[in-house]
$ cat protein-v9.pdb   # PDB, C-alpha atoms, pLDDT in the B column
ATOM      1  CA  MET A  81      28.324 -47.291 -47.812  1.00 55.00           C
ATOM      2  CA  SER A  82      29.202 -46.337 -51.375  1.00 67.00           C
ATOM      3  CA  GLY A  83      27.973 -43.316 -53.261  1.00 85.00           C
ATOM      4  CA  PRO A  84      28.294 -39.616 -52.509  1.00 95.00           C
ATOM      5  CA  PRO A  85      30.774 -38.611 -49.816  1.00 97.00           C
ATOM      6  CA  LEU A  86      29.523 -38.603 -46.240  1.00 97.00           C
ATOM      7  CA  ARG A  87      30.269 -35.418 -44.282  1.00 98.00           C
ATOM      8  CA  VAL A  88      29.799 -35.635 -40.516  1.00 98.00           C
ATOM      9  CA  VAL A  89      29.978 -32.124 -39.068  1.00 98.00           C
ATOM     10  CA  ASP A  90      28.931 -30.797 -35.676  1.00 98.00           C
ATOM     11  CA  SER A  91      27.640 -27.614 -37.305  1.00 98.00           C
ATOM     12  CA  ILE A  92      26.055 -27.221 -40.732  1.00 98.00           C
ATOM     13  CA  THR A  93      28.150 -24.042 -41.005  1.00 98.00           C
ATOM     14  CA  GLU A  94      31.181 -26.272 -41.635  1.00 98.00           C
ATOM     15  CA  LEU A  95      29.885 -27.174 -45.108  1.00 97.00           C
ATOM     16  CA  GLY A  96      30.676 -25.108 -48.160  1.00 95.00           C
ATOM     17  CA  PRO A  97      30.307 -25.173 -51.950  1.00 95.00           C
ATOM     18  CA  ALA A  98      32.898 -27.961 -52.261  1.00 96.00           C
ATOM     19  CA  ASP A  99      30.478 -30.221 -50.359  1.00 97.00           C
ATOM     20  CA  ALA A 100      27.707 -29.980 -52.960  1.00 97.00           C
ATOM     21  CA  GLY A 101      26.246 -33.420 -53.621  1.00 97.00           C
ATOM     22  CA  CYS A 102      27.393 -34.953 -50.334  1.00 98.00           C
ATOM     23  CA  LEU A 103      25.354 -36.671 -47.653  1.00 98.00           C
ATOM     24  CA  ALA A 104      25.484 -34.392 -44.597  1.00 98.00           C
ATOM     25  CA  VAL A 105      24.998 -35.538 -41.023  1.00 98.00           C
ATOM     26  CA  CYS A 106      25.166 -32.643 -38.620  1.00 98.00           C
ATOM     27  CA  GLY A 107      24.455 -31.827 -35.019  1.00 98.00           C
ATOM     28  CA  SER A 108      22.724 -28.579 -35.901  1.00 98.00           C
ATOM     29  CA  HIS A 109      19.055 -27.853 -35.237  1.00 97.00           C
ATOM     30  CA  GLY A 110      16.813 -27.799 -38.287  1.00 97.00           C
ATOM     31  CA  GLY A 111      15.942 -24.122 -37.924  1.00 97.00           C
ATOM     32  CA  ALA A 112      15.911 -21.320 -40.478  1.00 97.00           C
ATOM     33  CA  SER A 113      19.521 -20.279 -39.914  1.00 97.00           C
ATOM     34  CA  SER A 114      20.699 -23.843 -40.529  1.00 97.00           C
ATOM     35  CA  ALA A 115      18.625 -24.007 -43.703  1.00 98.00           C
ATOM     36  CA  ARG A 116      20.514 -21.064 -45.193  1.00 97.00           C
ATOM     37  CA  TYR A 117      23.857 -22.845 -44.766  1.00 97.00           C
ATOM     38  CA  ALA A 118      22.547 -26.135 -46.122  1.00 98.00           C
ATOM     39  CA  ILE A 119      20.983 -24.460 -49.151  1.00 98.00           C
ATOM     40  CA  ALA A 120      24.282 -22.693 -49.891  1.00 97.00           C
ATOM     41  CA  ALA A 121      26.238 -25.980 -49.630  1.00 98.00           C
ATOM     42  CA  ARG A 122      23.606 -28.099 -51.481  1.00 98.00           C
ATOM     43  CA  PRO A 123      24.062 -31.572 -49.960  1.00 98.00           C
ATOM     44  CA  LEU A 124      21.862 -34.220 -51.588  1.00 97.00           C
ATOM     45  CA  PHE A 125      20.554 -35.235 -48.168  1.00 98.00           C
ATOM     46  CA  THR A 126      20.953 -33.541 -44.795  1.00 98.00           C
ATOM     47  CA  VAL A 127      20.281 -34.946 -41.336  1.00 98.00           C
ATOM     48  CA  PHE A 128      19.578 -32.368 -38.611  1.00 98.00           C
ATOM     49  CA  ASN A 129      18.569 -32.568 -34.941  1.00 98.00           C
ATOM     50  CA  ASP A 130      14.929 -31.646 -34.276  1.00 97.00           C
ATOM     51  CA  ALA A 131      16.017 -29.747 -31.123  1.00 95.00           C
ATOM     52  CA  GLY A 132      12.696 -30.562 -29.470  1.00 95.00           C
ATOM     53  CA  VAL A 133      10.807 -29.132 -32.465  1.00 96.00           C
ATOM     54  CA  GLY A 134      10.085 -25.838 -30.675  1.00 92.00           C
ATOM     55  CA  LEU A 135       7.477 -23.130 -30.991  1.00 93.00           C
ATOM     56  CA  ASP A 136       5.804 -23.127 -34.411  1.00 93.00           C
ATOM     57  CA  ARG A 137       8.019 -26.097 -35.413  1.00 95.00           C
ATOM     58  CA  ALA A 138      11.045 -23.769 -35.454  1.00 94.00           C
ATOM     59  CA  GLY A 139      13.446 -26.702 -35.102  1.00 94.00           C
ATOM     60  CA  LEU A 140      12.170 -28.231 -38.346  1.00 97.00           C
ATOM     61  CA  VAL A 141      11.663 -25.345 -40.783  1.00 97.00           C
ATOM     62  CA  ALA A 142      14.859 -26.285 -42.625  1.00 98.00           C
ATOM     63  CA  LEU A 143      13.146 -29.448 -43.854  1.00 98.00           C
ATOM     64  CA  ASP A 144      10.505 -27.424 -45.707  1.00 98.00           C
ATOM     65  CA  GLN A 145      12.994 -24.838 -46.941  1.00 98.00           C
ATOM     66  CA  LEU A 146      15.311 -27.520 -48.329  1.00 98.00           C
ATOM     67  CA  GLN A 147      12.317 -29.269 -49.930  1.00 98.00           C
ATOM     68  CA  GLN A 148      11.552 -26.025 -51.802  1.00 98.00           C
ATOM     69  CA  GLN A 149      15.118 -26.135 -53.135  1.00 97.00           C
ATOM     70  CA  GLY A 150      14.853 -29.773 -54.264  1.00 97.00           C
ATOM     71  CA  LEU A 151      16.986 -31.067 -51.386  1.00 98.00           C
ATOM     72  CA  ALA A 152      16.112 -34.015 -49.149  1.00 98.00           C
ATOM     73  CA  ALA A 153      16.339 -33.601 -45.389  1.00 98.00           C
ATOM     74  CA  CYS A 154      15.309 -35.192 -42.129  1.00 98.00           C
ATOM     75  CA  ALA A 155      15.770 -34.618 -38.424  1.00 98.00           C
ATOM     76  CA  VAL A 156      16.577 -37.011 -35.629  1.00 98.00           C
ATOM     77  CA  SER A 157      14.912 -36.720 -32.253  1.00 98.00           C
ATOM     78  CA  HIS A 158      16.706 -34.646 -29.650  1.00 97.00           C
ATOM     79  CA  MET A 159      15.958 -37.509 -27.256  1.00 98.00           C
ATOM     80  CA  THR A 160      18.128 -39.886 -29.322  1.00 98.00           C
ATOM     81  CA  ALA A 161      21.130 -37.716 -30.213  1.00 98.00           C
ATOM     82  CA  ARG A 162      23.011 -34.857 -28.617  1.00 97.00           C
ATOM     83  CA  ILE A 163      22.323 -31.464 -30.162  1.00 97.00           C
ATOM     84  CA  GLY A 164      25.529 -30.111 -31.681  1.00 97.00           C
ATOM     85  CA  GLU A 165      27.282 -33.490 -31.887  1.00 98.00           C
ATOM     86  CA  ALA A 166      27.207 -35.078 -35.323  1.00 98.00           C
ATOM     87  CA  ALA A 167      28.871 -38.288 -34.125  1.00 98.00           C
ATOM     88  CA  SER A 168      25.922 -38.759 -31.765  1.00 98.00           C
ATOM     89  CA  THR A 169      23.471 -38.076 -34.608  1.00 98.00           C
ATOM     90  CA  LEU A 170      25.120 -40.786 -36.699  1.00 98.00           C
ATOM     91  CA  ALA A 171      25.597 -43.307 -33.884  1.00 98.00           C
ATOM     92  CA  THR A 172      22.289 -43.121 -32.003  1.00 98.00           C
ATOM     93  CA  GLY A 173      19.981 -40.695 -33.810  1.00 98.00           C
ATOM     94  CA  VAL A 174      16.493 -41.890 -34.737  1.00 98.00           C
ATOM     95  CA  VAL A 175      14.550 -40.050 -37.445  1.00 98.00           C
ATOM     96  CA  SER A 176      11.603 -38.101 -36.093  1.00 98.00           C
ATOM     97  CA  HIS A 177      10.656 -36.001 -39.153  1.00 98.00           C
ATOM     98  CA  CYS A 178      11.512 -35.861 -42.851  1.00 98.00           C
ATOM     99  CA  ASN A 179      10.573 -33.791 -45.853  1.00 98.00           C
ATOM    100  CA  ALA A 180       8.662 -35.244 -48.803  1.00 98.00           C
ATOM    101  CA  LEU A 181      11.769 -35.630 -50.950  1.00 98.00           C
ATOM    102  CA  ALA A 182      13.509 -37.701 -48.264  1.00 98.00           C
ATOM    103  CA  ALA A 183      10.336 -39.763 -47.837  1.00 98.00           C
ATOM    104  CA  ALA A 184      10.218 -40.384 -51.589  1.00 97.00           C
ATOM    105  CA  HIS A 185      13.695 -41.918 -51.241  1.00 97.00           C
ATOM    106  CA  GLY A 186      12.594 -44.287 -48.453  1.00 97.00           C
ATOM    107  CA  VAL A 187      13.350 -42.257 -45.336  1.00 98.00           C
ATOM    108  CA  VAL A 188      10.712 -42.618 -42.593  1.00 98.00           C
ATOM    109  CA  SER A 189      10.334 -41.783 -38.926  1.00 98.00           C
ATOM    110  CA  GLY A 190      11.682 -44.476 -36.641  1.00 98.00           C
ATOM    111  CA  GLN A 191      14.722 -45.353 -38.763  1.00 98.00           C
ATOM    112  CA  SER A 192      18.170 -44.953 -37.300  1.00 98.00           C
ATOM    113  CA  CYS A 193      20.280 -42.270 -38.936  1.00 98.00           C
ATOM    114  CA  ARG A 194      22.398 -44.970 -40.582  1.00 98.00           C
ATOM    115  CA  GLN A 195      19.274 -46.716 -41.918  1.00 98.00           C
ATOM    116  CA  ALA A 196      18.003 -43.413 -43.294  1.00 98.00           C
ATOM    117  CA  LEU A 197      21.286 -42.843 -45.126  1.00 98.00           C
ATOM    118  CA  GLU A 198      21.179 -46.361 -46.567  1.00 97.00           C
ATOM    119  CA  ARG A 199      17.530 -46.055 -47.619  1.00 96.00           C
ATOM    120  CA  PHE A 200      18.167 -42.667 -49.212  1.00 97.00           C
ATOM    121  CA  LEU A 201      21.026 -44.093 -51.264  1.00 95.00           C
ATOM    122  CA  ALA A 202      19.013 -47.154 -52.251  1.00 94.00           C
ATOM    123  CA  GLY A 203      16.107 -44.960 -53.345  1.00 85.00           C
ATOM    124  CA  ARG A 204      18.189 -42.743 -55.643  1.00 78.00           C
TER     125      ARG A 204
END

$ encode --input "protein-v9.pdb" --output "structure tokens"
Amino acid sequence: MSGPPLRVVDSITELGPADAGCLAVCGSHGGASSARYAIAARPLFTVFNDAGVGLDRAGLVALDQLQQQGLAACAVSHMTARIGEAASTLATGVVSHCNALAAAHGVVSGQSCRQALERFLAGR
């Protein structure tokens, strides 16, 4: 896969300003605390774990918050990847939710994480 660097990190907290513009695959839930770290690091596209979605969609709020910042994001199902393990997200994760910006770049539910990354790059 050519294009922006791919960062595979168990926790979104591992990203920093030097990672701006990367593609981020993490094991973190897509909650509000994760959104703050992703917004600070500014990856072009971030893949989270939906963590079972949770009460009031708490495991997905990062998708909306990143959308408001012009950043694409999706989440893989907690039934397809281990929460907290980015290698699992990349290897077996299946997209369950995405924000509108990710969707505009070709990311849809049902794609593998790798397919989502490829479609995002192709749609840029």

$ resolve_selection --input "protein-v9.pdb" --expression "the PyMOL selection byres ((chain A and resi 130) around 7)" --output "list in words"
His109, Gly110, Phe128, Asn129, Ala131, Gly132, Val133, Gly139, Leu140, Ala155, Val156, Ser157 and His158 of chain A

$ closest_residue --input "protein-v9.pdb" --among "A:Leu146, A:Leu86, A:Ala98, A:Cys193" --to "Thr160 in chain A" --atoms "all atoms listed in the file"
A:Cys193

$ residues_around --input "protein-v9.pdb" --residues "Ser168 in chain A" --least-positions-apart "6" --cutoff "8 Å" --atoms "all atoms listed in the file" --output "MDAnalysis selection string"
chainID A and resid 107 161:162

$ atom_distance --input "protein-v9.pdb" --atom1 "CA of Leu103 in chain A" --atom2 "CA of Leu151 in chain A"
10.7 Å

$ residues_around --input "protein-v9.pdb" --residues "range 169-185 of chain A" --least-positions-apart "5" --cutoff "10 Å" --atoms "all atoms listed in the file" --output "compact mmCIF listing (two decimals) with C-alpha atoms, in the coordinates of the input"
# COMPACT_ATOMS: atom_id res chain seq x y z
CA VAL A 88 29.80 -35.64 -40.52
CA VAL A 89 29.98 -32.12 -39.07
CA ASP A 90 28.93 -30.80 -35.68
CA VAL A 105 25.00 -35.54 -41.02
CA CYS A 106 25.17 -32.64 -38.62
CA GLY A 107 24.46 -31.83 -35.02
CA SER A 108 22.72 -28.58 -35.90
CA LEU A 124 21.86 -34.22 -51.59
CA PHE A 125 20.55 -35.24 -48.17
CA THR A 126 20.95 -33.54 -44.80
CA VAL A 127 20.28 -34.95 -41.34
CA PHE A 128 19.58 -32.37 -38.61
CA ASN A 129 18.57 -32.57 -34.94
CA ASP A 130 14.93 -31.65 -34.28
CA VAL A 133 10.81 -29.13 -32.47
CA LEU A 140 12.17 -28.23 -38.35
CA VAL A 141 11.66 -25.34 -40.78
CA ALA A 142 14.86 -26.28 -42.62
CA LEU A 143 13.15 -29.45 -43.85
CA ASP A 144 10.50 -27.42 -45.71
CA GLN A 145 12.99 -24.84 -46.94
CA LEU A 146 15.31 -27.52 -48.33
CA GLN A 147 12.32 -29.27 -49.93
CA GLN A 148 11.55 -26.02 -51.80
CA GLY A 150 14.85 -29.77 -54.26
CA LEU A 151 16.99 -31.07 -51.39
CA ALA A 152 16.11 -34.02 -49.15
CA ALA A 153 16.34 -33.60 -45.39
CA CYS A 154 15.31 -35.19 -42.13
CA ALA A 155 15.77 -34.62 -38.42
CA VAL A 156 16.58 -37.01 -35.63
CA SER A 157 14.91 -36.72 -32.25
CA HIS A 158 16.71 -34.65 -29.65
CA MET A 159 15.96 -37.51 -27.26
CA THR A 160 18.13 -39.89 -29.32
CA ALA A 161 21.13 -37.72 -30.21
CA ARG A 162 23.01 -34.86 -28.62
CA ILE A 163 22.32 -31.46 -30.16
CA GLY A 164 25.53 -30.11 -31.68
CA GLY A 190 11.68 -44.48 -36.64
CA GLN A 191 14.72 -45.35 -38.76
CA SER A 192 18.17 -44.95 -37.30
CA CYS A 193 20.28 -42.27 -38.94
CA ARG A 194 22.40 -44.97 -40.58
CA GLN A 195 19.27 -46.72 -41.92
CA ALA A 196 18.00 -43.41 -43.29
CA LEU A 197 21.29 -42.84 -45.13
CA GLU A 198 21.18 -46.36 -46.57
CA ARG A 199 17.53 -46.06 -47.62
CA PHE A 200 18.17 -42.67 -49.21
CA LEU A 201 21.03 -44.09 -51.26
CA ALA A 202 19.01 -47.15 -52.25
CA GLY A 203 16.11 -44.96 -53.34
CA ARG A 204 18.19 -42.74 -55.64

$ atom_distance --input "protein-v9.pdb" --atom1 "CA of Ala138 in chain A" --atom2 "CA of Pro85 in chain A"
28.6 Å
